[in-house]
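Shown below: model_2.cif, with mmCIF, C-alpha atoms and all ligand atoms.
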data_entry
loop_
_atom_site.label_atom_id
_atom_site.label_comp_id
_atom_site.auth_asym_id
_atom_site.auth_seq_id
_atom_site.Cartn_x
_atom_site.Cartn_y
_atom_site.Cartn_z
CA MET Q 1426 0.00 0.00 0.00
CA THR Q 1427 1.35 3.47 -0.89
CA THR Q 1428 1.55 6.16 1.81
CA PRO Q 1429 -0.84 9.02 1.03
CA LYS Q 1430 0.57 12.47 0.33
CA ARG Q 1431 0.20 14.64 3.41
CA ALA Q 1432 -1.05 18.24 3.19
CA LEU Q 1433 -1.32 20.88 5.91
CA ILE Q 1434 -3.93 23.64 5.65
CA THR Q 1435 -4.13 26.83 7.70
CA GLY Q 1436 -7.66 28.27 7.65
CA VAL Q 1437 -9.18 24.79 7.28
CA THR Q 1438 -12.45 25.92 8.93
CA GLY Q 1439 -12.94 28.71 6.36
CA GLN Q 1440 -14.84 28.67 3.08
CA ASP Q 1441 -11.82 27.71 0.98
CA GLY Q 1442 -10.28 25.44 3.60
CA SER Q 1443 -13.40 23.30 3.59
CA TYR Q 1444 -13.57 22.96 -0.21
CA LEU Q 1445 -9.83 22.35 -0.47
CA SER Q 1446 -10.02 19.63 2.20
CA GLU Q 1447 -12.77 17.91 0.23
CA LEU Q 1448 -10.70 18.10 -2.96
CA LEU Q 1449 -7.52 16.78 -1.34
CA LEU Q 1450 -9.36 13.91 0.36
CA GLU Q 1451 -10.88 13.01 -3.02
CA GLN Q 1452 -7.34 13.00 -4.45
CA GLY Q 1453 -6.27 10.49 -1.78
CA TYR Q 1454 -4.33 12.88 0.49
CA GLU Q 1455 -4.08 12.74 4.24
CA VAL Q 1456 -5.23 16.22 5.28
CA HIS Q 1457 -4.13 18.07 8.40
CA GLY Q 1458 -5.77 21.36 9.34
CA ILE Q 1459 -4.85 24.00 11.88
CA ILE Q 1460 -7.80 25.27 13.91
CA ARG Q 1461 -7.96 28.03 16.51
CA ARG Q 1462 -9.17 27.31 20.01
CA THR Q 1463 -12.58 28.98 20.37
CA SER Q 1464 -15.10 28.89 23.21
CA THR Q 1465 -17.71 27.45 20.89
CA PHE Q 1466 -16.91 25.08 18.05
CA ASN Q 1467 -16.78 26.58 14.56
CA THR Q 1468 -16.08 23.49 12.49
CA ASP Q 1469 -19.48 23.53 10.73
CA ARG Q 1470 -17.95 23.71 7.26
CA ILE Q 1471 -15.85 20.56 7.77
CA ASP Q 1472 -18.03 18.50 10.11
CA HIS Q 1473 -19.38 16.47 7.17
CA ILE Q 1474 -15.88 15.24 6.22
CA TYR Q 1475 -14.46 14.80 9.70
CA GLU Q 1476 -13.76 11.26 10.86
CA ASP Q 1477 -12.92 9.99 14.32
CA PRO Q 1478 -9.09 9.83 14.29
CA HIS Q 1479 -9.29 6.59 16.32
CA GLN Q 1480 -10.91 4.97 13.33
CA GLU Q 1481 -8.61 3.11 10.97
CA GLY Q 1482 -8.32 4.88 7.64
CA ALA Q 1483 -9.20 8.34 8.99
CA ARG Q 1484 -7.56 10.94 6.73
CA LEU Q 1485 -8.57 14.33 8.18
CA PHE Q 1486 -6.78 15.47 11.31
CA LEU Q 1487 -7.02 18.76 13.20
CA HIS Q 1488 -4.37 20.52 15.27
CA TYR Q 1489 -4.72 23.56 17.47
CA GLY Q 1490 -2.60 26.51 16.37
CA ASP Q 1491 -2.67 30.13 15.28
CA LEU Q 1492 -0.83 32.16 12.67
CA THR Q 1493 0.18 34.59 15.41
CA ASP Q 1494 1.93 31.77 17.32
CA GLY Q 1495 5.14 30.78 15.53
CA THR Q 1496 6.20 28.15 18.06
CA THR Q 1497 3.05 26.13 17.55
CA LEU Q 1498 3.24 26.46 13.76
CA ARG Q 1499 6.75 24.96 13.88
CA ARG Q 1500 5.62 22.19 16.20
CA VAL Q 1501 2.70 21.25 13.95
CA LEU Q 1502 4.94 21.27 10.88
CA GLU Q 1503 7.42 18.92 12.61
CA ALA Q 1504 4.64 16.60 13.76
CA VAL Q 1505 2.74 16.44 10.47
CA GLN Q 1506 5.69 16.42 8.02
CA PRO Q 1507 3.56 17.54 5.08
CA VAL Q 1508 4.71 17.70 1.46
CA GLU Q 1509 2.28 20.54 0.69
CA ILE Q 1510 1.18 23.50 2.82
CA TYR Q 1511 -1.75 25.72 1.88
CA ASN Q 1512 -1.73 28.99 3.81
CA LEU Q 1513 -5.39 30.02 3.74
CA GLY Q 1514 -5.68 31.36 7.29
CA ALA Q 1515 -6.44 35.08 7.56
CA GLN Q 1516 -8.54 37.79 9.12
CA SER Q 1517 -9.99 38.04 5.63
CA HIS Q 1518 -12.58 40.82 5.96
CA VAL Q 1519 -11.39 44.03 4.31
CA ARG Q 1520 -13.72 46.38 6.22
CA VAL Q 1521 -12.80 44.76 9.56
CA SER Q 1522 -9.10 45.20 8.75
CA PHE Q 1523 -9.60 48.97 9.09
CA ASP Q 1524 -11.00 48.38 12.61
CA CYS Q 1525 -8.33 45.84 13.64
CA PRO Q 1526 -5.25 46.65 11.53
CA GLU Q 1527 -2.55 45.36 13.88
CA TYR Q 1528 -4.13 41.96 14.35
CA THR Q 1529 -4.91 41.65 10.64
CA VAL Q 1530 -1.35 42.43 9.63
CA ASP Q 1531 0.04 40.09 12.29
CA ALA Q 1532 -2.06 37.14 11.12
CA VAL Q 1533 -1.90 37.82 7.37
CA GLY Q 1534 1.59 39.30 6.93
CA MET Q 1535 3.69 38.04 9.83
CA GLY Q 1536 1.74 34.76 9.89
CA THR Q 1537 2.94 34.02 6.35
CA LEU Q 1538 6.51 34.91 7.28
CA ARG Q 1539 6.34 32.59 10.32
CA ILE Q 1540 5.32 29.66 8.11
CA LEU Q 1541 7.94 30.44 5.47
CA GLU Q 1542 10.65 30.55 8.14
CA ALA Q 1543 9.44 27.27 9.62
CA ILE Q 1544 9.52 25.61 6.18
CA ARG Q 1545 12.96 27.02 5.41
CA ASP Q 1546 14.44 25.49 8.58
CA TYR Q 1547 12.53 22.22 8.26
CA GLN Q 1548 13.57 21.77 4.63
CA HIS Q 1549 17.19 22.65 5.41
CA ARG Q 1550 17.34 20.20 8.31
CA THR Q 1551 15.50 17.25 6.73
CA GLY Q 1552 16.16 17.74 3.02
CA ILE Q 1553 12.43 17.13 2.42
CA GLN Q 1554 10.83 19.55 -0.04
CA VAL Q 1555 7.64 21.22 1.18
CA ARG Q 1556 5.53 22.91 -1.50
CA PHE Q 1557 3.85 26.12 -0.29
CA TYR Q 1558 0.71 27.90 -1.50
CA GLN Q 1559 0.07 31.49 -0.42
CA ALA Q 1560 -3.53 32.75 -0.60
CA GLY Q 1561 -3.00 36.08 -2.32
CA SER Q 1562 -5.82 38.41 -3.22
CA SER Q 1563 -7.04 40.67 -6.01
CA GLU Q 1564 -7.40 43.28 -3.24
CA MET Q 1565 -3.64 43.78 -3.74
CA PHE Q 1566 -4.47 45.56 -7.04
CA GLY Q 1567 -6.63 48.04 -5.08
CA LEU Q 1568 -6.56 51.28 -7.01
CA VAL Q 1569 -6.12 49.42 -10.24
CA GLN Q 1570 -3.25 50.36 -12.50
CA GLU Q 1571 -4.40 48.26 -15.46
CA VAL Q 1572 -7.64 46.70 -16.74
CA PRO Q 1573 -7.93 43.73 -16.64
CA GLN Q 1574 -5.47 42.87 -13.86
CA ARG Q 1575 -2.87 40.18 -14.58
CA GLU Q 1576 0.25 38.77 -12.87
CA THR Q 1577 2.37 41.71 -14.07
CA THR Q 1578 -0.05 44.48 -13.01
CA PRO Q 1579 1.51 46.64 -10.25
CA PHE Q 1580 -0.09 46.40 -6.82
CA TYR Q 1581 -1.70 49.42 -5.13
CA PRO Q 1582 -3.24 48.10 -1.87
CA ARG Q 1583 -6.03 50.15 -0.26
CA SER Q 1584 -6.57 48.53 3.16
CA PRO Q 1585 -4.53 47.07 6.04
CA TYR Q 1586 -5.62 43.65 4.79
CA ALA Q 1587 -4.40 44.29 1.26
CA CYS Q 1588 -1.10 45.81 2.47
CA ALA Q 1589 -0.49 42.67 4.54
CA LYS Q 1590 -1.32 40.43 1.56
CA VAL Q 1591 1.19 42.37 -0.58
CA TYR Q 1592 3.82 41.81 2.12
CA ALA Q 1593 3.00 38.09 2.20
CA HIS Q 1594 3.13 37.93 -1.60
CA TRP Q 1595 6.60 39.42 -1.83
CA GLN Q 1596 7.94 37.34 1.07
CA THR Q 1597 6.72 34.25 -0.78
CA VAL Q 1598 8.56 35.37 -3.93
CA ASN Q 1599 11.59 36.22 -1.82
CA TYR Q 1600 11.75 32.77 -0.16
CA ARG Q 1601 11.42 31.16 -3.58
CA GLU Q 1602 14.31 33.19 -4.95
CA SER Q 1603 16.52 33.23 -1.82
CA TYR Q 1604 16.15 29.67 -0.54
CA GLY Q 1605 14.76 27.78 -3.51
CA LEU Q 1606 11.42 27.06 -1.82
CA PHE Q 1607 8.68 25.67 -4.06
CA ALA Q 1608 6.42 28.59 -3.16
CA CYS Q 1609 3.47 29.83 -5.26
CA ASN Q 1610 1.23 32.88 -4.96
CA GLY Q 1611 -2.35 32.51 -6.10
CA ILE Q 1612 -3.79 35.95 -6.81
CA LEU Q 1613 -7.40 34.99 -6.42
CA PHE Q 1614 -10.29 37.27 -7.28
CA ASN Q 1615 -13.47 37.15 -5.20
CA HIS Q 1616 -14.90 33.67 -4.94
CA GLU Q 1617 -18.16 32.81 -3.26
CA SER Q 1618 -20.40 29.88 -2.35
CA PRO Q 1619 -23.12 28.89 0.10
CA ARG Q 1620 -20.25 28.49 2.61
CA ARG Q 1621 -19.12 32.12 2.21
CA GLY Q 1622 -18.81 34.03 5.50
CA GLU Q 1623 -22.13 35.74 6.28
CA THR Q 1624 -20.78 39.31 6.35
CA PHE Q 1625 -19.20 39.34 2.87
CA VAL Q 1626 -21.48 41.17 0.49
CA THR Q 1627 -22.73 38.24 -1.62
CA ARG Q 1628 -23.68 36.04 1.31
CA LYS Q 1629 -25.01 39.02 3.26
CA ILE Q 1630 -27.42 39.60 0.37
CA THR Q 1631 -28.51 35.98 -0.17
CA ARG Q 1632 -28.88 35.32 3.56
CA ALA Q 1633 -30.88 38.52 4.10
CA LEU Q 1634 -33.05 37.72 1.10
CA ALA Q 1635 -33.96 34.34 2.59
CA ARG Q 1636 -34.76 36.00 5.94
CA ILE Q 1637 -36.88 38.64 4.19
CA VAL Q 1638 -38.82 35.93 2.34
CA ALA Q 1639 -39.24 34.06 5.63
CA GLY Q 1640 -40.56 37.18 7.31
CA GLN Q 1641 -37.64 37.40 9.74
CA GLN Q 1642 -36.07 40.59 8.40
CA LYS Q 1643 -37.60 43.72 6.86
CA LYS Q 1644 -34.64 45.70 5.58
CA LEU Q 1645 -31.10 45.06 4.37
CA TYR Q 1646 -28.58 47.80 5.25
CA MET Q 1647 -25.65 48.10 2.88
CA GLY Q 1648 -22.77 50.35 1.84
CA ASN Q 1649 -21.37 51.15 -1.62
CA LEU Q 1650 -23.45 49.41 -4.30
CA ASP Q 1651 -21.38 50.74 -7.21
CA ALA Q 1652 -18.24 48.67 -6.58
CA LYS Q 1653 -17.54 46.00 -9.19
CA ARG Q 1654 -16.05 42.58 -8.54
CA ASP Q 1655 -14.95 39.58 -10.57
CA TRP Q 1656 -16.91 36.88 -8.73
CA GLY Q 1657 -16.34 33.16 -9.22
CA TYR Q 1658 -17.28 29.92 -7.47
CA ALA Q 1659 -15.04 28.90 -4.54
CA LYS Q 1660 -15.10 25.21 -5.42
CA ASP Q 1661 -13.51 26.02 -8.80
CA TYR Q 1662 -10.88 28.24 -7.19
CA VAL Q 1663 -9.48 25.67 -4.73
CA LYS Q 1664 -8.78 23.43 -7.73
CA ALA Q 1665 -6.46 26.15 -9.06
CA MET Q 1666 -4.58 26.23 -5.72
CA TRP Q 1667 -3.95 22.51 -5.92
CA LEU Q 1668 -2.94 22.66 -9.60
CA MET Q 1669 -0.30 25.31 -8.80
CA LEU Q 1670 1.48 22.91 -6.44
CA GLN Q 1671 1.42 20.07 -9.01
CA GLN Q 1672 3.49 21.98 -11.62
CA GLU Q 1673 7.15 21.35 -12.35
CA ALA Q 1674 8.20 24.79 -11.15
CA PRO Q 1675 6.70 27.27 -8.70
CA ASP Q 1676 5.05 30.41 -10.10
CA ASP Q 1677 2.36 33.04 -9.43
CA TYR Q 1678 -1.09 32.97 -11.05
CA VAL Q 1679 -4.17 35.18 -11.33
CA VAL Q 1680 -7.36 33.17 -10.84
CA ALA Q 1681 -10.49 34.96 -12.04
CA THR Q 1682 -13.46 34.67 -14.41
CA GLY Q 1683 -12.60 37.68 -16.59
CA GLU Q 1684 -16.06 39.22 -15.98
CA THR Q 1685 -17.00 42.01 -13.62
CA HIS Q 1686 -20.37 42.89 -12.07
CA SER Q 1687 -21.59 45.54 -9.64
CA ILE Q 1688 -23.25 44.90 -6.29
CA ARG Q 1689 -26.45 46.25 -7.90
CA GLU Q 1690 -26.30 43.52 -10.56
CA PHE Q 1691 -25.89 40.90 -7.82
CA LEU Q 1692 -28.95 42.36 -6.05
CA ASP Q 1693 -30.96 42.37 -9.30
CA ILE Q 1694 -30.35 38.68 -9.95
CA ALA Q 1695 -30.74 37.58 -6.32
CA PHE Q 1696 -34.01 39.41 -5.59
CA GLY Q 1697 -35.23 38.76 -9.15
CA TYR Q 1698 -34.93 35.02 -8.45
CA VAL Q 1699 -37.87 35.25 -6.02
CA ASN Q 1700 -39.68 37.99 -7.97
CA LEU Q 1701 -38.87 40.74 -5.50
CA ASN Q 1702 -37.52 44.23 -6.19
CA TRP Q 1703 -34.43 44.90 -4.06
CA GLN Q 1704 -35.09 48.68 -4.07
CA ASP Q 1705 -38.04 47.96 -1.75
CA TYR Q 1706 -35.74 46.44 0.90
CA VAL Q 1707 -32.19 47.80 0.66
CA GLU Q 1708 -31.25 50.87 2.73
CA PHE Q 1709 -27.94 52.72 2.88
CA ASP Q 1710 -25.83 52.69 6.07
CA GLU Q 1711 -22.52 54.54 5.98
CA ARG Q 1712 -20.92 52.19 8.49
CA TYR Q 1713 -20.54 49.64 5.72
CA LEU Q 1714 -18.39 52.04 3.71
CA ARG Q 1715 -14.60 51.65 3.77
CA PRO Q 1716 -12.16 54.55 4.37
CA ALA Q 1717 -10.69 53.68 0.96
CA GLU Q 1718 -12.64 51.60 -1.55
CA VAL Q 1719 -11.56 49.24 -4.32
CA ASP Q 1720 -13.92 50.32 -7.11
CA LEU Q 1721 -13.23 47.86 -9.90
CA LEU Q 1722 -11.71 44.40 -10.07
CA ILE Q 1723 -11.55 42.28 -13.19
CA GLY Q 1724 -8.91 39.61 -13.68
CA ASP Q 1725 -7.25 38.09 -16.72
CA PRO Q 1726 -6.94 34.34 -16.01
CA ALA Q 1727 -5.10 33.58 -19.29
CA LYS Q 1728 -1.96 32.25 -17.59
CA ALA Q 1729 -3.91 29.93 -15.26
CA LYS Q 1730 -5.94 28.68 -18.22
CA THR Q 1731 -2.91 28.01 -20.42
CA GLN Q 1732 -0.40 26.71 -17.89
CA LEU Q 1733 -2.65 25.01 -15.33
CA GLY Q 1734 -5.47 24.01 -17.67
CA TRP Q 1735 -7.83 25.70 -15.19
CA GLU Q 1736 -11.34 26.87 -16.17
CA PRO Q 1737 -14.19 28.32 -14.13
CA SER Q 1738 -17.28 26.11 -14.38
CA VAL Q 1739 -20.02 28.36 -12.97
CA THR Q 1740 -21.37 31.57 -14.53
CA PHE Q 1741 -22.15 34.69 -12.51
CA GLU Q 1742 -25.90 34.10 -12.76
CA GLN Q 1743 -25.55 30.43 -11.77
CA LEU Q 1744 -23.43 31.46 -8.79
CA VAL Q 1745 -26.06 33.94 -7.53
CA HIS Q 1746 -28.81 31.37 -8.03
CA LEU Q 1747 -27.00 28.57 -6.22
CA MET Q 1748 -26.30 30.86 -3.26
CA VAL Q 1749 -29.91 32.09 -3.10
CA GLU Q 1750 -31.24 28.55 -3.33
CA ALA Q 1751 -28.95 27.34 -0.54
CA ASP Q 1752 -29.99 30.14 1.82
CA LEU Q 1753 -33.68 29.64 1.06
CA LYS Q 1754 -33.30 25.94 1.81
CA GLY Q 1755 -31.39 26.80 5.00
CA MET Q 1756 -34.43 28.79 6.15
CA GLY Q 1757 -36.72 25.87 5.39
CA LEU Q 1758 -38.03 27.56 2.24
CA VAL Q 1759 -38.39 25.54 -0.92
CA PRO Q 1760 -37.91 27.29 -4.26
CA LEU Q 1761 -40.59 26.20 -6.74
CA ASN Q 1762 -40.51 26.23 -10.54
CA GLY Q 1763 -40.62 29.85 -11.65
CA HIS Q 1764 -38.82 30.71 -8.40
CA SER Q 1765 -41.69 31.78 -6.24
CA VAL Q 1766 -41.14 30.45 -2.75
CA GLN Q 1767 -43.15 28.22 -0.51
CA PRO Q 1768 -42.68 29.05 3.19
CA VAL Q 1769 -42.71 25.93 5.33
CA ILE Q 1770 -41.92 27.46 8.74
CA ASP Q 1771 -43.76 29.71 11.13
CA THR Q 1772 -42.46 33.23 10.49
CA ALA Q 1773 -44.33 35.20 13.12
CA THR Q 1774 -41.33 36.88 14.77
CA LEU Q 1775 -38.91 39.47 13.47
CA ARG Q 1776 -35.61 38.70 15.13
CA PRO Q 1777 -32.53 40.92 14.76
CA THR Q 1778 -29.22 39.05 15.05
CA VAL Q 1779 -25.66 40.21 15.63
CA LEU Q 1780 -24.85 38.89 12.17
CA SER Q 1781 -27.50 41.07 10.56
CA SER Q 1782 -25.88 44.25 11.80
CA LEU Q 1783 -22.09 43.87 12.11
CA PRO Q 1784 -19.87 45.08 9.21
P1 LIG D 1 -12.50 32.74 5.53
O1 LIG D 1 -13.73 31.98 5.19
O2 LIG D 1 -12.60 34.04 6.22
O3 LIG D 1 -11.56 31.75 6.37
C1 LIG D 1 -10.43 32.21 7.01
C2 LIG D 1 -9.81 31.07 7.80
O4 LIG D 1 -8.65 31.58 8.48
C3 LIG D 1 -10.72 30.48 8.88
O5 LIG D 1 -10.48 29.10 8.97
C4 LIG D 1 -10.21 31.17 10.14
O6 LIG D 1 -10.45 30.44 11.31
C5 LIG D 1 -8.72 31.21 9.84
N1 LIG D 1 -8.00 32.17 10.66
C6 LIG D 1 -8.31 33.46 10.92
N2 LIG D 1 -7.39 34.03 11.71
C7 LIG D 1 -6.48 33.06 11.98
C8 LIG D 1 -5.30 33.02 12.75
N3 LIG D 1 -4.87 34.07 13.43
N4 LIG D 1 -4.62 31.86 12.79
C9 LIG D 1 -5.03 30.77 12.12
N5 LIG D 1 -6.14 30.75 11.37
C10 LIG D 1 -6.86 31.89 11.29
O7 LIG D 1 -11.64 33.01 4.20
P2 LIG D 1 -11.76 32.31 2.77
O8 LIG D 1 -12.77 33.05 1.96
O9 LIG D 1 -11.86 30.85 2.94
O10 LIG D 1 -10.35 32.69 2.14
C11 LIG D 1 -9.21 31.86 2.33
C12 LIG D 1 -7.95 32.66 2.12
O11 LIG D 1 -7.95 33.22 0.80
C13 LIG D 1 -7.77 33.84 3.05
O12 LIG D 1 -6.40 34.00 3.28
C14 LIG D 1 -8.29 35.03 2.25
O13 LIG D 1 -7.68 36.21 2.70
C15 LIG D 1 -7.83 34.63 0.86
N6 LIG D 1 -8.64 35.13 -0.25
C16 LIG D 1 -9.98 34.94 -0.27
C17 LIG D 1 -10.71 35.36 -1.36
C18 LIG D 1 -12.20 35.15 -1.44
O14 LIG D 1 -12.83 35.79 -2.29
N7 LIG D 1 -12.77 34.27 -0.65
C19 LIG D 1 -10.06 35.98 -2.45
C20 LIG D 1 -8.68 36.14 -2.39
C21 LIG D 1 -7.97 35.70 -1.30
P3 LIG D 1 -11.82 30.63 12.15
O15 LIG D 1 -12.83 29.75 11.46
O16 LIG D 1 -11.43 30.17 13.49
O17 LIG D 1 -12.18 32.08 12.07
O1 LIG D 2 -17.80 41.07 -0.09
P1 LIG D 2 -16.81 42.07 0.32
O2 LIG D 2 -16.68 42.37 1.77
O3 LIG D 2 -15.45 41.58 -0.31
P2 LIG D 2 -14.08 42.32 -0.68
O4 LIG D 2 -13.88 43.54 0.11
O5 LIG D 2 -14.04 42.44 -2.16
O6 LIG D 2 -13.01 41.25 -0.18
C1 LIG D 2 -13.17 39.86 -0.44
O7 LIG D 2 -12.55 39.55 -1.66
C2 LIG D 2 -11.13 39.74 -1.66
C3 LIG D 2 -10.63 39.38 -3.06
O8 LIG D 2 -10.71 40.52 -3.89
C4 LIG D 2 -10.51 38.86 -0.59
F1 LIG D 2 -9.16 38.98 -0.60
C5 LIG D 2 -11.06 39.24 0.76
O9 LIG D 2 -10.53 38.36 1.74
C6 LIG D 2 -12.58 39.08 0.72
O10 LIG D 2 -12.87 37.72 0.58
O11 LIG D 2 -17.11 43.46 -0.40
C7 LIG D 2 -17.27 43.56 -1.79
C8 LIG D 2 -17.75 44.95 -2.16
C9 LIG D 2 -16.92 46.08 -1.54
O12 LIG D 2 -16.69 47.06 -2.52
C10 LIG D 2 -17.82 46.66 -0.46
O13 LIG D 2 -17.63 48.05 -0.21
O14 LIG D 2 -19.07 45.12 -1.64
C11 LIG D 2 -19.18 46.41 -1.09
N1 LIG D 2 -20.28 46.42 -0.10
C12 LIG D 2 -21.38 47.21 -0.17
N2 LIG D 2 -22.16 47.00 0.90
C13 LIG D 2 -20.34 45.70 1.02
C14 LIG D 2 -21.53 46.07 1.67
N3 LIG D 2 -19.51 44.78 1.54
C15 LIG D 2 -19.86 44.19 2.72
N4 LIG D 2 -19.05 43.23 3.23
N5 LIG D 2 -21.01 44.54 3.39
C16 LIG D 2 -21.88 45.48 2.90
O15 LIG D 2 -22.90 45.78 3.50
#
I'd like the structure from this file rewritten - as structure tokens, please.
Amino acid sequence: MTTPKRALITGVTGQDGSYLSELLLEQGYEVHGIIRRTSTFNTDRIDHIYEDPHQEGARLFLHYGDLTDGTTLRRVLEAVQPVEIYNLGAQSHVRVSFDCPEYTVDAVGMGTLRILEAIRDYQHRTGIQVRFYQAGSSEMFGLVQEVPQRETTPFYPRSPYACAKVYAHWQTVNYRESYGLFACNGILFNHESPRRGETFVTRKITRALARIVAGQQKKLYMGNLDAKRDWGYAKDYVKAMWLMLQQEAPDDYVVATGETHSIREFLDIAFGYVNLNWQDYVEFDERYLRPAEVDLLIGDPAKAKTQLGWEPSVTFEQLVHLMVEADLKGMGLVPLNGHSVQPVIDTATLRPTVLSSLP
């Protein structure tokens, strides 16, 4: 019997971590994820693939750790001995990074450096090559210097989060060039799914829509509706991460659909799906604005398509629909043909939640 390849994922409980874990398990890997200690469990996105480690054949293992804690990162690396590391962990909310800049930069920027240093020493000592994927972001293009954005487009970050991602990007390049690490940067444009965090704009919309239909919410408060994003499907995007680490040589790749749409267009399609007019529900609240905004993102995925053979499989409209459908189902609402909705739960109470109001 051959020993399975072993991968280590930071951010395994996140949207991408969960899809990547599924993909790697399908590919036969043994998957190790780093989780943070929290007072309540937040492993919902991976519960369906988790197996009791006492059981023979279990291939998903979790380890406590944190990107702000270099000692533990080193210890986990030594214990797991992975051949691939995917660094997906981050305080990944751009608006929140303006509120908590030091923590964001520590986790996103210094966290990446801590892992790179750990790999450098481990590889030097053992002679075992560890391939490294860094979760870079189209936010690094910020005030865009070229349309569409490609690997060679200069960065112009517009938030503490984006500045930290630029730092992590260049450290990754630097460790590749200085120490010969097999280190790749994915420059991923926005990617969404039913597992998207509830305060990112797409999921905020689809979740609120389901609550509105269910009678649990009357209004949806939002910020800048004019911003444009290149939105793809998260499940497609984790495939690109994996493909990068299967190449002969390490490199950096833009992963995007090549299309851009405004928040208004997202609202049109989402509310249109259940025959509602979003203008009747959406209100402006300035606290969802950012001190500096990224107005337009649109990526050119030509290199990923040619060199990795990567293709997005879901259109923008399909993406909106699949997210709306999932949130309606989550509320116990069943979309019918023609997309009217059949409520199947008692919706007597209007209940505000923390999630409905935090940026
Ligand atoms: P996400 O859903 O917000 O997940 C972030 C993950 O990072 C969670 O597992 C979180 O753990 C973990 N984490 C946060 N702080 C940490 C820390 N200090 N130490 C260790 N782990 C920590 O993000 P995502 O959408 O899956 O994105 C994955 C990565 O890609 C992130 O680095 C993000 O910045 C980057 N990215 C995302 C997009 C996108 O559109 N989704 C685009 C470009 C780049 P908890 O569950 O405990 O919070
Ligand atoms: O959904 P968002 O919060 O995503 P954003 O800022 O583009 O960042 C996401 O994508 C990046 C890749 O480009 C990732 F690196 C990052 O980790 C994250 O996953 O906001 C999208 C747009 C912004 O222009 C924002 O101003 O939507 C606008 N928006 C308008 N109203 C809102 C809201 N965003 C949020 N979150 N909430 C609102 O109420």
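By only C-alpha atoms, and with residues fewer than 4 positions from Gly1536 of chain Q along its chain excluded, the set lying at most 6 Å from it is Leu1492, Thr1493 and Ala1532 of chain Q.
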Next item on the list: Compile the contact shell of Ser1584 of chain Q as a list in words: residues with an atom at most 10 Å away, counting all atoms listed in the file, same-chain residues fewer than 2 positions apart removed.
Entry: Val1519, Arg1520, Val1521, Ser1522, Phe1523, Pro1526, Glu1564, Met1565, Gly1567, Tyr1581, Pro1582, Tyr1586, Ala1587, Cys1588, Ala1589, Lys1590, Arg1715, Pro1716, Ala1717, Glu1718 and Val1719 of chain Q
Centre and edge lengths of an axis-aligned box around all listed atoms of ligand LIG 1 (chain D), with 4 Å added on each side, are to be given in Å to one decimal, as AutoDock Vina command-line options.
--center_x -9.2 --center_y 32.7 --center_z 5.5 --size_x 17.1 --size_y 15.1 --size_z 23.9
Check: Looking at only C-alpha atoms, which of Q:Thr1627, Q:Leu1758, Q:Ala1681, Q:Glu1673 is the one that sits closest to Gly1640 of chain Q?
Finding: Q:Leu1758
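Those protein and nucleic acid residues that have any atom within 6 Å of ligand LIG 2 (chain D) are, using all atoms listed in the file, Ser1517, His1518, Val1519, Ser1562, Ser1563, Glu1564, Phe1614, Asn1615, Thr1624, Phe1625, Val1626, Thr1627, Met1647, Gly1648, Asn1649, Leu1650, Ala1652, Tyr1713, Leu1714, Val1719 and Pro1784 of chain Q.
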Note to self: Taking all atoms listed in the file and a cut-off of 6 Å, can you tell me which residues surround ligand LIG 1 (chain D), written as a PyMOL selection string?
What the structure shows: chain Q and resi 1435-1442+1461+1467+1491-1493+1513-1517+1532+1560-1562+1613-1616+1622
Using only C-alpha atoms, please write the residues we just selected to a file, as an mmCIF file, in the frame of the given file.
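Written file, part.cif:
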data_model
loop_
_atom_site.group_PDB
_atom_site.id
_atom_site.type_symbol
_atom_site.label_atom_id
_atom_site.label_comp_id
_atom_site.auth_asym_id
_atom_site.auth_seq_id
_atom_site.Cartn_x
_atom_site.Cartn_y
_atom_site.Cartn_z
ATOM 1 C CA THR Q 1435 -4.130 26.830 7.700
ATOM 2 C CA GLY Q 1436 -7.660 28.270 7.650
ATOM 3 C CA VAL Q 1437 -9.180 24.790 7.280
ATOM 4 C CA THR Q 1438 -12.450 25.920 8.930
ATOM 5 C CA GLY Q 1439 -12.940 28.710 6.360
ATOM 6 C CA GLN Q 1440 -14.840 28.670 3.080
ATOM 7 C CA ASP Q 1441 -11.820 27.710 0.980
ATOM 8 C CA GLY Q 1442 -10.280 25.440 3.600
ATOM 9 C CA ARG Q 1461 -7.960 28.030 16.510
ATOM 10 C CA ASN Q 1467 -16.780 26.580 14.560
ATOM 11 C CA ASP Q 1491 -2.670 30.130 15.280
ATOM 12 C CA LEU Q 1492 -0.830 32.160 12.670
ATOM 13 C CA THR Q 1493 0.180 34.590 15.410
ATOM 14 C CA LEU Q 1513 -5.390 30.020 3.740
ATOM 15 C CA GLY Q 1514 -5.680 31.360 7.290
ATOM 16 C CA ALA Q 1515 -6.440 35.080 7.560
ATOM 17 C CA GLN Q 1516 -8.540 37.790 9.120
ATOM 18 C CA SER Q 1517 -9.990 38.040 5.630
ATOM 19 C CA ALA Q 1532 -2.060 37.140 11.120
ATOM 20 C CA ALA Q 1560 -3.530 32.750 -0.600
ATOM 21 C CA GLY Q 1561 -3.000 36.080 -2.320
ATOM 22 C CA SER Q 1562 -5.820 38.410 -3.220
ATOM 23 C CA LEU Q 1613 -7.400 34.990 -6.420
ATOM 24 C CA PHE Q 1614 -10.290 37.270 -7.280
ATOM 25 C CA ASN Q 1615 -13.470 37.150 -5.200
ATOM 26 C CA HIS Q 1616 -14.900 33.670 -4.940
ATOM 27 C CA GLY Q 1622 -18.810 34.030 5.500
#
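The neighbours of Arg1539 of chain Q here are the residues that come within 9 Å of it, using all atoms listed in the file and leaving out any residue fewer than 3 positions away in the same chain; they are Leu1492, Thr1493, Asp1494, Gly1495, Thr1496, Leu1498, Arg1499, Gly1534, Met1535, Gly1536, Glu1542, Ala1543 and Ile1544 of chain Q.
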